[in-house]
Amino acid sequence: MDRPDDSLWAQLEPLLARVQKPARYIGCEDGMGSPDHRPDKVAWLLAYPDTYEIGLPNQGLQILYEILNERPDAVAERTYAPWLDLDEQLRAAGLPLFSIDTHRPAGDFDILAFNLAAELVYTNVVNMIDLAGAPLHSADRTDDDMFVVVGGHCAFNPEPLADFIDVAVLGEGEEVVGEITAVLHRWKGAGGHDRQAVLRELASVPGVYVPALYDVTYAEPTPGFTQGPIAAVTPNRADVPATVHKRTVADLGDWPYPKRPLAPLTEVVHDRLSVEVFRGCTRGCRFCQAGMITRPVRERPADQVRTMVADGLRQTGYNEVSLTSLSTADFSDIEPSVLGVLEDQQAAAPTGPDGMSLGCGTTINLPSLRVDAFTVGLAGQVASGRRSGLTFAPEAGTWRLRTVINKLIVEEDLYGAVESAFSQGWTRLKLYFLIGLPTETDDDVLGIAELAKNCVKIGRRHTTRASVTVSVGGFVPKAHTPFQWFGQNTREELQRKVQLLRSATRRAGNVNVKWHDPAATTAEGVVSRGDRRLGAVIERVWRDGGTFQEWGEQFDLDRWTAALDAEGLSLDWFVFRHRRADEVLPWAHLSAGLHHDFLWDDWQAALAESGIEDCRWTPCYDCGVCTGYGIEHVVASPVPPAGGSQGTGQDLSNGAAVPLHLTFTPVDAPSRRATDMAGAT
Amino acid sequence: MRVRVRYSKLGKVRFISHRDGARLWERALRRVAVPVAFTEGFTPRPRLSFGLALPTGAESTAEYIDIELVEGTTIDGADADRCLLTELSAALPIGMDVQVIAPLESDAGTRRKSLQDEVTSTTWELWGPGVEGSDFEAIADRLLAADELPLERERKGRRHVDDVRPLIHDLRPDETGTRLVADIATVGRGVRPAELASLAFAGTARADIRVLRTQQWIEQDGERREVLSLPVTVNALARGLSA
């Protein structure tokens, strides 16, 4: 049972009266378990390294929280990054990081497990390890110290955090957390001695990577730089696998979690029920790490979706549900499915349409909308109340560049979607684009402005209030994607493209341009494809006060460049440099199942402006995942969805005979133009 | 029909803001399937009206919410007790418990005053680590004996000095002598418990003073009565604080 003596609440309570938004730290949510701590259990402290408002809705963390608490040999609680004010209060009072469920000190837990959803949170990870009272470096931890574990998308390149973590878990956590628990449970039962031995045992669990069991050696400096790429990553013991492979749940239907969704007491970023309708995406967008590392597509059975929505709404009292996935309109038979969900809600409403009971006025939210009229029609059917804004992500401004990134939306798709949206009462559209994509020219950037202006024109036919917001983010190449070899645009180049876009839309009324800070994009690029040498850089940024780097007011690129300089490392080398096919990438010993050759060939196809189809409805092109892991797509419908713009018979090969090639010169002046990259064969 | 609900906010949930509290009520009412009426219009909102805001961090055993139910709804006493008290308390977080539910008589033809307008004074208890061992009797005597109690406040960017002495109706130690009990006016600008604390315990950080609202009063024809009195003396503090 909950032993009040173990709780720090009495000491924390006076501090919470001194901080902003104290409700972040009290727990008490609907769906919170009553963690039953026993000495023999493996105690997990599941951590999200950003604020409560961002972290609470995270489904991965909620799922693992519940699965672990169902196990007799485990107990799990949660923690989120304390904001600067509480951090300061805790350190002044000599109090550690704590769980928000029962306010236990982090040191009472066996495992501190982080969900890594973004690179810029790494300094928060380091801060939380320190605040937890554990030695900062894994090499300094002893039998009495907790195990620091990371998982989530960024764990596919955990190398920059290698100094600080004991374990990285690749892929989906549902099964592997149980296997890790079992190993540590046995170890604790046997007295908990010899940390090195249990780390080796953990390394034998598929999906578990123990960085300390691998040695990294570096090659001669790259010409023009003082640092070189990795020569080799070698296991330093015979019983350690040379390559660690990701974990994948074969059938999402076996995992109907969260069964008891957490409903927070204070406002959070996604303040609604979420039900995951499928995992994985094979649309094949080449910039998209999520789509590459979560393959294959596994749909949840439609009836299970209905049950989870009905149960979740009943338990939480929410009247809004998000059907989540990487592209929800691609769910088989999406239309009857969502209409079924609405029917269930109307049937469950005992008080008729004018009461506030369950089921009345339930809104279904479809995030990650596909760009076509069918999808918008669907969104119109399920959205109740005010239609304020709708978001699409064409990602690139011209068809040419969209074939490069394999986001195969033709302009007619976009305009059809836009027409449909404005005609159904929406007045504001948001269009997401990336800038700094491979082969991008100024024409591609100006294409963004053209698209936006045309969308406003369409909107004006329906309403004078029609407006379009263009939101541009700088592209950061990610590990395990076809663009992992691409040299990111410099901060100056991104800034120049933003200005180009702003000038092109300046006189266009009702087109607003918003952009992500190119400086933050640069820092993200450092860590995204970084290696172990960055551990010291991250530590320096943290010691210099650089936490909450995802927050504009806390971010300062100078901290990062100063730390790189102090370590004798080159920003240009890590971020702006194109990689060759034979370079040993820092994550080469970690596998998401994708063949190196598949990724390289897809990279070459990108440069040749040649698209590929979605393999869930067309023949396999052998990316390596299904064949390598003996798993398959779980897709209810054998045909592509109505109105889907990809896999519907478009001519995807444009027959580009002479592929473009990147020039492998070191990065030069700020105004490096994308056209420089189109060198001779 | 309208019902008025008295509830508590004790323990960890004292750190939830008034606004967050409103969202919690909407979810709780939906979970219990209370037939709440909606406003008309393009974005219908449930017809809920909350009483005087409780400062974040303060506790209370006397919070109120008025709920408009859909036309034709009837609630008999037993039903209200069984379903609503128990089920709503279960649907609300620990520390928020529904204590009383009473139907509001509809005054034919006249528009009812809102809760905020009806309440004329409130009773608070003040204590905490910063003021332990204080002589509450002496503090009460000192403040009550003062002809005026000037308090500097900022309004619209300008400094004002208000005399809050007339707003303090009574001050006394509680039965145990460990808390200061205050009756303060809510009409006009009123005086906030934190402001009272700064007068009573000058020099003590506000964060070190705990405040608990125990009653809200309506004054009519020279008599004051609680908005809804508790049917029995319940030791409301017994629940929630252990949360």
# chains A, B, ... in the order shown; residues from 1 in each chain; ligands from 1

call {"tool": "interface_residues", "arguments": {"of": "chain B", "to": "chain A", "cutoff": "10 Å", "atoms": "only C-alpha atoms", "output": "PyMOL selection string"}}
result
chain B and resi 11-17+19-21+23-47+56-58+69-71+73+91-95+128-129+205-210+242-243

call {"tool": "select_by_dssp", "arguments": {"residues": "region 218-416 of chain A", "states": "strand (DSSP E)", "output": "ChimeraX atom specification"}}
result
/A:218,230-235,244-245,273-276,278-279,298-299,320-324,363-365,389-395

call {"tool": "residues_around", "arguments": {"residues": "Thr123 (chain A)", "least_positions_apart": "2", "cutoff": "8 Å", "atoms": "only C-alpha atoms", "output": "PyMOL selection string"}}
result
chain A and resi 120-121+125-127+538-539+541-542+546-549

call {"tool": "residues_around", "arguments": {"residues": "Glu63 (chain B)", "least_positions_apart": "5", "cutoff": "9 Å", "atoms": "only C-alpha atoms", "output": "list in words"}}
result
Val5, Arg6, Tyr7, Ser8, Lys9, Phe50, Gly51, Leu52, Ala53, Leu54, Arg213, Thr214, Gln215 and Gln216 of chain B

call {"tool": "write_last_selection", "arguments": {"atoms": "all heavy atoms", "output": "JSON list (two decimals), in the first residue's frame"}}
result
[["chain", "number", "residue", "atom", "x", "y", "z"],
["B", 5, "VAL", "N", -25.08, 23.48, -5.71],
["B", 5, "VAL", "CA", -24.24, 22.43, -5.13],
["B", 5, "VAL", "C", -23.18, 23.06, -4.25],
["B", 5, "VAL", "O", -22.54, 24.04, -4.65],
["B", 5, "VAL", "CB", -23.55, 21.61, -6.25],
["B", 5, "VAL", "CG1", -22.61, 20.56, -5.68],
["B", 5, "VAL", "CG2", -24.58, 20.97, -7.16],
["B", 6, "ARG", "N", -23.02, 22.51, -3.05],
["B", 6, "ARG", "CA", -21.92, 22.95, -2.19],
["B", 6, "ARG", "C", -20.87, 21.84, -2.17],
["B", 6, "ARG", "O", -21.19, 20.67, -1.98],
["B", 6, "ARG", "CB", -22.42, 23.20, -0.76],
["B", 6, "ARG", "CG", -21.27, 23.52, 0.20],
["B", 6, "ARG", "CD", -21.77, 24.00, 1.55],
["B", 6, "ARG", "NE", -20.64, 24.18, 2.48],
["B", 6, "ARG", "CZ", -20.71, 24.89, 3.60],
["B", 6, "ARG", "NH1", -21.85, 25.47, 3.95],
["B", 6, "ARG", "NH2", -19.66, 25.00, 4.38],
["B", 7, "TYR", "N", -19.62, 22.23, -2.38],
["B", 7, "TYR", "CA", -18.57, 21.21, -2.42],
["B", 7, "TYR", "C", -17.30, 21.73, -1.77],
["B", 7, "TYR", "O", -17.17, 22.92, -1.48],
["B", 7, "TYR", "CB", -18.32, 20.75, -3.86],
["B", 7, "TYR", "CG", -17.77, 21.82, -4.77],
["B", 7, "TYR", "CD1", -16.40, 21.87, -5.05],
["B", 7, "TYR", "CD2", -18.61, 22.75, -5.38],
["B", 7, "TYR", "CE1", -15.87, 22.86, -5.89],
["B", 7, "TYR", "CE2", -18.10, 23.73, -6.22],
["B", 7, "TYR", "CZ", -16.73, 23.78, -6.47],
["B", 7, "TYR", "OH", -16.21, 24.75, -7.29],
["B", 8, "SER", "N", -16.37, 20.82, -1.58],
["B", 8, "SER", "CA", -15.11, 21.17, -0.91],
["B", 8, "SER", "C", -13.95, 21.14, -1.91],
["B", 8, "SER", "O", -14.05, 20.57, -3.00],
["B", 8, "SER", "CB", -14.82, 20.17, 0.21],
["B", 8, "SER", "OG", -14.58, 18.89, -0.36],
["B", 9, "LYS", "N", -12.88, 21.77, -1.54],
["B", 9, "LYS", "CA", -11.63, 21.70, -2.32],
["B", 9, "LYS", "C", -10.51, 21.64, -1.29],
["B", 9, "LYS", "O", -10.11, 22.66, -0.73],
["B", 9, "LYS", "CB", -11.53, 22.95, -3.20],
["B", 9, "LYS", "CG", -10.45, 22.87, -4.26],
["B", 9, "LYS", "CD", -10.48, 24.13, -5.12],
["B", 9, "LYS", "CE", -9.32, 24.17, -6.10],
["B", 9, "LYS", "NZ", -9.19, 25.50, -6.72],
["B", 50, "PHE", "N", -20.43, 29.52, -11.62],
["B", 50, "PHE", "CA", -19.58, 29.29, -10.47],
["B", 50, "PHE", "C", -19.65, 30.49, -9.54],
["B", 50, "PHE", "O", -19.85, 31.61, -9.98],
["B", 50, "PHE", "CB", -18.14, 29.06, -10.93],
["B", 50, "PHE", "CG", -17.99, 27.75, -11.64],
["B", 50, "PHE", "CD1", -18.24, 27.66, -12.99],
["B", 50, "PHE", "CD2", -17.63, 26.61, -10.95],
["B", 50, "PHE", "CE1", -18.12, 26.45, -13.65],
["B", 50, "PHE", "CE2", -17.51, 25.40, -11.60],
["B", 50, "PHE", "CZ", -17.77, 25.32, -12.96],
["B", 51, "GLY", "N", -19.43, 30.22, -8.27],
["B", 51, "GLY", "CA", -19.46, 31.30, -7.29],
["B", 51, "GLY", "C", -18.16, 32.07, -7.29],
["B", 51, "GLY", "O", -17.39, 32.02, -8.25],
["B", 52, "LEU", "N", -17.93, 32.77, -6.20],
["B", 52, "LEU", "CA", -16.71, 33.55, -6.05],
["B", 52, "LEU", "C", -15.49, 32.69, -6.29],
["B", 52, "LEU", "O", -15.38, 31.60, -5.74],
["B", 52, "LEU", "CB", -16.62, 34.09, -4.62],
["B", 52, "LEU", "CG", -17.68, 35.10, -4.18],
["B", 52, "LEU", "CD1", -17.61, 35.29, -2.67],
["B", 52, "LEU", "CD2", -17.46, 36.42, -4.91],
["B", 53, "ALA", "N", -14.58, 33.19, -7.10],
["B", 53, "ALA", "CA", -13.37, 32.41, -7.38],
["B", 53, "ALA", "C", -12.57, 32.21, -6.09],
["B", 53, "ALA", "O", -12.49, 33.10, -5.25],
["B", 53, "ALA", "CB", -12.52, 33.15, -8.40],
["B", 54, "LEU", "N", -12.02, 31.03, -5.98],
["B", 54, "LEU", "CA", -11.15, 30.72, -4.85],
["B", 54, "LEU", "C", -9.72, 30.85, -5.35],
["B", 54, "LEU", "O", -9.37, 30.28, -6.38],
["B", 54, "LEU", "CB", -11.43, 29.29, -4.38],
["B", 54, "LEU", "CG", -10.71, 28.78, -3.14],
["B", 54, "LEU", "CD1", -11.26, 29.45, -1.89],
["B", 54, "LEU", "CD2", -10.84, 27.26, -3.02],
["B", 213, "ARG", "N", -11.42, 28.56, 3.17],
["B", 213, "ARG", "CA", -12.73, 29.22, 3.22],
["B", 213, "ARG", "C", -13.71, 28.23, 3.84],
["B", 213, "ARG", "O", -13.86, 27.12, 3.32],
["B", 213, "ARG", "CB", -13.15, 29.62, 1.80],
["B", 213, "ARG", "CG", -14.52, 30.29, 1.76],
["B", 213, "ARG", "CD", -14.60, 31.32, 0.65],
["B", 213, "ARG", "NE", -14.65, 30.76, -0.69],
["B", 213, "ARG", "CZ", -14.54, 31.49, -1.81],
["B", 213, "ARG", "NH1", -14.36, 32.79, -1.73],
["B", 213, "ARG", "NH2", -14.58, 30.91, -2.99],
["B", 214, "THR", "N", -14.35, 28.64, 4.93],
["B", 214, "THR", "CA", -15.25, 27.71, 5.61],
["B", 214, "THR", "C", -16.72, 28.03, 5.39],
["B", 214, "THR", "O", -17.57, 27.16, 5.54],
["B", 214, "THR", "CB", -14.98, 27.69, 7.13],
["B", 214, "THR", "OG1", -15.07, 29.04, 7.63],
["B", 214, "THR", "CG2", -13.60, 27.13, 7.42],
["B", 215, "GLN", "N", -17.03, 29.30, 5.11],
["B", 215, "GLN", "CA", -18.43, 29.66, 4.89],
["B", 215, "GLN", "C", -18.54, 30.79, 3.87],
["B", 215, "GLN", "O", -17.64, 31.62, 3.77],
["B", 215, "GLN", "CB", -19.10, 30.17, 6.18],
["B", 215, "GLN", "CG", -19.64, 29.11, 7.12],
["B", 215, "GLN", "CD", -18.73, 28.92, 8.32],
["B", 215, "GLN", "OE1", -17.87, 29.75, 8.60],
["B", 215, "GLN", "NE2", -18.90, 27.81, 9.03],
["B", 216, "GLN", "N", -19.68, 30.79, 3.16],
["B", 216, "GLN", "CA", -20.05, 31.95, 2.37],
["B", 216, "GLN", "C", -21.43, 32.37, 2.85],
["B", 216, "GLN", "O", -22.32, 31.52, 3.01],
["B", 216, "GLN", "CB", -20.08, 31.62, 0.87],
["B", 216, "GLN", "CG", -18.73, 31.19, 0.33],
["B", 216, "GLN", "CD", -18.67, 31.20, -1.19],
["B", 216, "GLN", "OE1", -19.24, 32.06, -1.84],
["B", 216, "GLN", "NE2", -17.95, 30.24, -1.76]]

call {"tool": "residues_around", "arguments": {"residues": "Leu199 (chain B)", "least_positions_apart": "6", "cutoff": "10 Å", "atoms": "only C-alpha atoms", "output": "list in words"}}
result
Ile139, Leu143, Leu149, Pro150, Leu151, Val164 and Pro193 of chain B

call {"tool": "residues_around", "arguments": {"residues": "region 443-450 of chain A", "least_positions_apart": "3", "cutoff": "7 Å", "atoms": "only C-alpha atoms", "output": "list in words"}}
result
Ala396, Gly397, Thr398, Leu401, Glu440, Lys453, Asn454, Lys497, Leu501, Ala504 and Thr505 of chain A

call {"tool": "closest_residue", "arguments": {"among": "A:Glu119, A:Asp50, A:Glu201, A:Glu632", "to": "Val476 (chain A)", "atoms": "only C-alpha atoms"}}
result
A:Glu119

call {"tool": "residues_around", "arguments": {"residues": "Gly530 (chain A)", "least_positions_apart": "6", "cutoff": "10 Å", "atoms": "only C-alpha atoms", "output": "ChimeraX atom specification"}}
result
/A:157-161,479,524,573-575,585-587

call {"tool": "atom_distance", "arguments": {"atom1": "CA of Thr243 (chain A)", "atom2": "CA of Ala155 (chain A)"}}
result
14.6 Å

call {"tool": "closest_residue", "arguments": {"among": "A:Leu534, A:Ala373, A:Leu494, A:Leu590", "to": "Thr521 (chain A)", "atoms": "only C-alpha atoms"}}
result
A:Leu494

call {"tool": "select_by_dssp", "arguments": {"residues": "region 20-234 of chain B", "states": "alpha helix (DSSP H)", "output": "PyMOL selection string"}}
result
chain B and resi 20-31+77-79+86-91+115-118+136-145+193-200

call {"tool": "write_last_selection", "arguments": {"atoms": "N, CA and C atoms", "output": "CSV table (one decimal), in the first residue's frame"}}
result
chain,number,residue,atom,x,y,z
B,20,ASP,N,-9.4,25.8,-14.2
B,20,ASP,CA,-9.3,24.4,-14.3
B,20,ASP,C,-10.5,23.6,-13.6
B,21,GLY,N,-10.9,24.2,-12.5
B,21,GLY,CA,-12.0,23.6,-11.7
B,21,GLY,C,-13.3,23.6,-12.6
B,22,ALA,N,-13.5,24.6,-13.4
B,22,ALA,CA,-14.7,24.6,-14.2
B,22,ALA,C,-14.6,23.5,-15.3
B,23,ARG,N,-13.4,23.2,-15.8
B,23,ARG,CA,-13.3,22.1,-16.8
B,23,ARG,C,-13.5,20.8,-16.1
B,24,LEU,N,-13.1,20.7,-14.9
B,24,LEU,CA,-13.3,19.4,-14.2
B,24,LEU,C,-14.8,19.1,-13.9
B,25,TRP,N,-15.5,20.2,-13.6
B,25,TRP,CA,-16.9,20.1,-13.4
B,25,TRP,C,-17.6,19.6,-14.6
B,26,GLU,N,-17.3,20.2,-15.8
B,26,GLU,CA,-17.9,19.7,-17.0
B,26,GLU,C,-17.7,18.3,-17.3
B,27,ARG,N,-16.5,17.8,-17.1
B,27,ARG,CA,-16.2,16.4,-17.3
B,27,ARG,C,-16.9,15.5,-16.3
B,28,ALA,N,-17.0,15.9,-15.0
B,28,ALA,CA,-17.6,15.1,-14.0
B,28,ALA,C,-19.1,15.0,-14.3
B,29,LEU,N,-19.7,16.2,-14.7
B,29,LEU,CA,-21.2,16.1,-14.9
B,29,LEU,C,-21.5,15.2,-16.1
B,30,ARG,N,-20.6,15.2,-17.1
B,30,ARG,CA,-20.8,14.3,-18.2
B,30,ARG,C,-20.7,12.9,-17.8
B,31,ARG,N,-19.7,12.6,-17.0
B,31,ARG,CA,-19.5,11.2,-16.6
B,31,ARG,C,-20.7,10.7,-15.8
B,77,GLY,N,-35.4,14.2,-3.4
B,77,GLY,CA,-34.4,14.3,-2.4
B,77,GLY,C,-33.5,13.1,-2.3
B,78,ALA,N,-34.1,12.0,-2.2
B,78,ALA,CA,-33.3,10.7,-2.0
B,78,ALA,C,-32.4,10.5,-3.2
B,79,ASP,N,-33.0,10.8,-4.4
B,79,ASP,CA,-32.2,10.5,-5.6
B,79,ASP,C,-31.0,11.5,-5.7
B,86,THR,N,-23.0,11.1,-4.2
B,86,THR,CA,-21.9,10.0,-4.3
B,86,THR,C,-21.2,10.0,-5.6
B,87,GLU,N,-22.0,10.0,-6.6
B,87,GLU,CA,-21.5,9.8,-8.0
B,87,GLU,C,-20.6,11.0,-8.4
B,88,LEU,N,-21.1,12.2,-8.1
B,88,LEU,CA,-20.4,13.3,-8.5
B,88,LEU,C,-19.0,13.4,-7.7
B,89,SER,N,-19.1,13.1,-6.4
B,89,SER,CA,-17.9,13.1,-5.6
B,89,SER,C,-16.9,12.1,-6.2
B,90,ALA,N,-17.4,10.9,-6.6
B,90,ALA,CA,-16.5,9.9,-7.2
B,90,ALA,C,-15.9,10.4,-8.5
B,91,ALA,N,-16.7,11.2,-9.3
B,91,ALA,CA,-16.2,11.6,-10.6
B,91,ALA,C,-15.3,12.8,-10.5
B,115,LEU,N,-24.8,33.9,-8.0
B,115,LEU,CA,-24.1,33.5,-6.7
B,115,LEU,C,-23.2,34.6,-6.3
B,116,GLN,N,-22.4,35.1,-7.2
B,116,GLN,CA,-21.4,36.1,-6.8
B,116,GLN,C,-22.1,37.3,-6.2
B,117,ASP,N,-23.2,37.7,-6.8
B,117,ASP,CA,-23.9,38.9,-6.3
B,117,ASP,C,-24.6,38.7,-5.0
B,118,GLU,N,-25.1,37.5,-4.8
B,118,GLU,CA,-25.8,37.2,-3.6
B,118,GLU,C,-24.9,37.2,-2.3
B,136,PHE,N,-2.9,35.0,18.1
B,136,PHE,CA,-4.0,35.4,17.3
B,136,PHE,C,-5.0,36.4,17.9
B,137,GLU,N,-5.2,36.2,19.3
B,137,GLU,CA,-6.0,37.1,20.0
B,137,GLU,C,-5.5,38.5,19.9
B,138,ALA,N,-4.2,38.7,20.1
B,138,ALA,CA,-3.6,40.0,20.1
B,138,ALA,C,-3.7,40.6,18.7
B,139,ILE,N,-3.5,39.8,17.7
B,139,ILE,CA,-3.6,40.2,16.3
B,139,ILE,C,-5.0,40.7,16.0
B,140,ALA,N,-6.0,39.9,16.4
B,140,ALA,CA,-7.4,40.3,16.1
B,140,ALA,C,-7.7,41.6,16.8
B,141,ASP,N,-7.3,41.7,18.1
B,141,ASP,CA,-7.6,42.9,18.8
B,141,ASP,C,-7.0,44.2,18.1
B,142,ARG,N,-5.7,44.0,17.7
B,142,ARG,CA,-5.0,45.1,17.1
B,142,ARG,C,-5.7,45.6,15.9
B,143,LEU,N,-6.1,44.6,15.0
B,143,LEU,CA,-6.7,45.0,13.7
B,143,LEU,C,-8.1,45.6,13.9
B,144,LEU,N,-8.8,44.9,14.8
B,144,LEU,CA,-10.2,45.4,15.0
B,144,LEU,C,-10.3,46.8,15.7
B,145,ALA,N,-9.2,47.1,16.5
B,145,ALA,CA,-9.2,48.3,17.2
B,145,ALA,C,-8.8,49.5,16.3
B,193,PRO,N,-8.2,37.2,1.1
B,193,PRO,CA,-7.5,36.6,2.3
B,193,PRO,C,-6.0,36.9,2.3
B,194,ALA,N,-5.4,36.9,1.2
B,194,ALA,CA,-4.0,37.2,1.1
B,194,ALA,C,-3.7,38.6,1.6
B,195,GLU,N,-4.6,39.5,1.3
B,195,GLU,CA,-4.4,40.9,1.7
B,195,GLU,C,-4.6,41.0,3.3
B,196,LEU,N,-5.5,40.2,3.7
B,196,LEU,CA,-5.7,40.2,5.2
B,196,LEU,C,-4.5,39.6,5.9
B,197,ALA,N,-4.0,38.6,5.3
B,197,ALA,CA,-2.8,37.9,5.8
B,197,ALA,C,-1.6,38.9,5.9
B,198,SER,N,-1.5,39.7,4.9
B,198,SER,CA,-0.4,40.7,4.9
B,198,SER,C,-0.5,41.7,6.0
B,199,LEU,N,-1.8,42.0,6.3
B,199,LEU,CA,-2.0,43.0,7.4
B,199,LEU,C,-1.8,42.3,8.8
B,200,ALA,N,-2.3,41.0,8.9
B,200,ALA,CA,-2.2,40.3,10.2
B,200,ALA,C,-0.8,39.8,10.5

call {"tool": "atom_distance", "arguments": {"atom1": "CA of Ala132 (chain A)", "atom2": "CA of Pro82 (chain A)"}}
result
11.5 Å

call {"tool": "closest_residue", "arguments": {"among": "A:Ile111, A:Val382, A:Cys281, A:Leu86", "to": "Glu613 (chain A)", "atoms": "only C-alpha atoms"}}
result
A:Cys281
